[in-house]
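Participant: Pasting a structure below so you can have a look.
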Amino acid sequence: MLLITAVLGIIINYVKDEDVKGSWLESHFQWQKNTFWYGLLWTVLGVLTTFLLIGYLVLPAVVIWLIYRIAKGWIYLVDGKELYLDR
């Protein structure tokens, strides 16, 4: 269920991307895209490396990182602030 929600969220993000160009919300949309794609990348790498036992360290780290990214995004959104992007 979580995967379906994340995929629907990223699709909506790309569909509505033009609506936020040039506004303070553009940084939030980019933050969400980066969070999704990097989170997916590290999750896949974590799953693929579980047989080496490395994945058991990577996957909890991904969960902590995702919680941080979601929390920071919400805090900045509620405060009406732009986010510092991962550039």
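A note on labels: chains of the structure tokens are A, B, ... as shown, every chain counts residues from 1, and ligands are counted from 1 in their shown order.
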Would you pick out the contacts of stretch 31-43 of chain A at 9 Å or less, using only C-alpha atoms, so that residues sharing its chain but fewer than 3 positions from it are not included, and give the list as a list in words?
Facilitator: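 In the requested format, the answer is Ala6, Val7, Gly9, Ile10, Asn13, Tyr14, Glu26, Ser27, His28, Gly46, Val47, Leu48, Gly55, Val58, Leu59, Val62, Val63, Trp65, Leu66, Arg69, Ile70, Gly73, Leu83, Tyr84, Leu85 and Asp86 of chain A.
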Participant: Could you check the closest approach to A:Phe29 for each of A:Leu3, A:Leu45, A:Ile54, A:Leu77 and tell me which residue wins, using only C-alpha atoms?
Facilitator: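 Closest residue, counting only C-alpha atoms: A:Leu77.
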Participant: DSSP on the backbone: which residues in chain A end up as helix (DSSP H, G or I)? Give the answer as a PyMOL selection string.
Facilitator: chain A and resi 2-15+17-20+26-48+50-52+55-79
Participant: List as a list in words the protein and nucleic acid residues near A:Asp79, meaning an atom at most 12 Å away when only C-alpha atoms are counted, but skip any in the same chain fewer than 6 places from it.
Facilitator: Trp24, Leu25, Lys72 and Gly73 of chain A
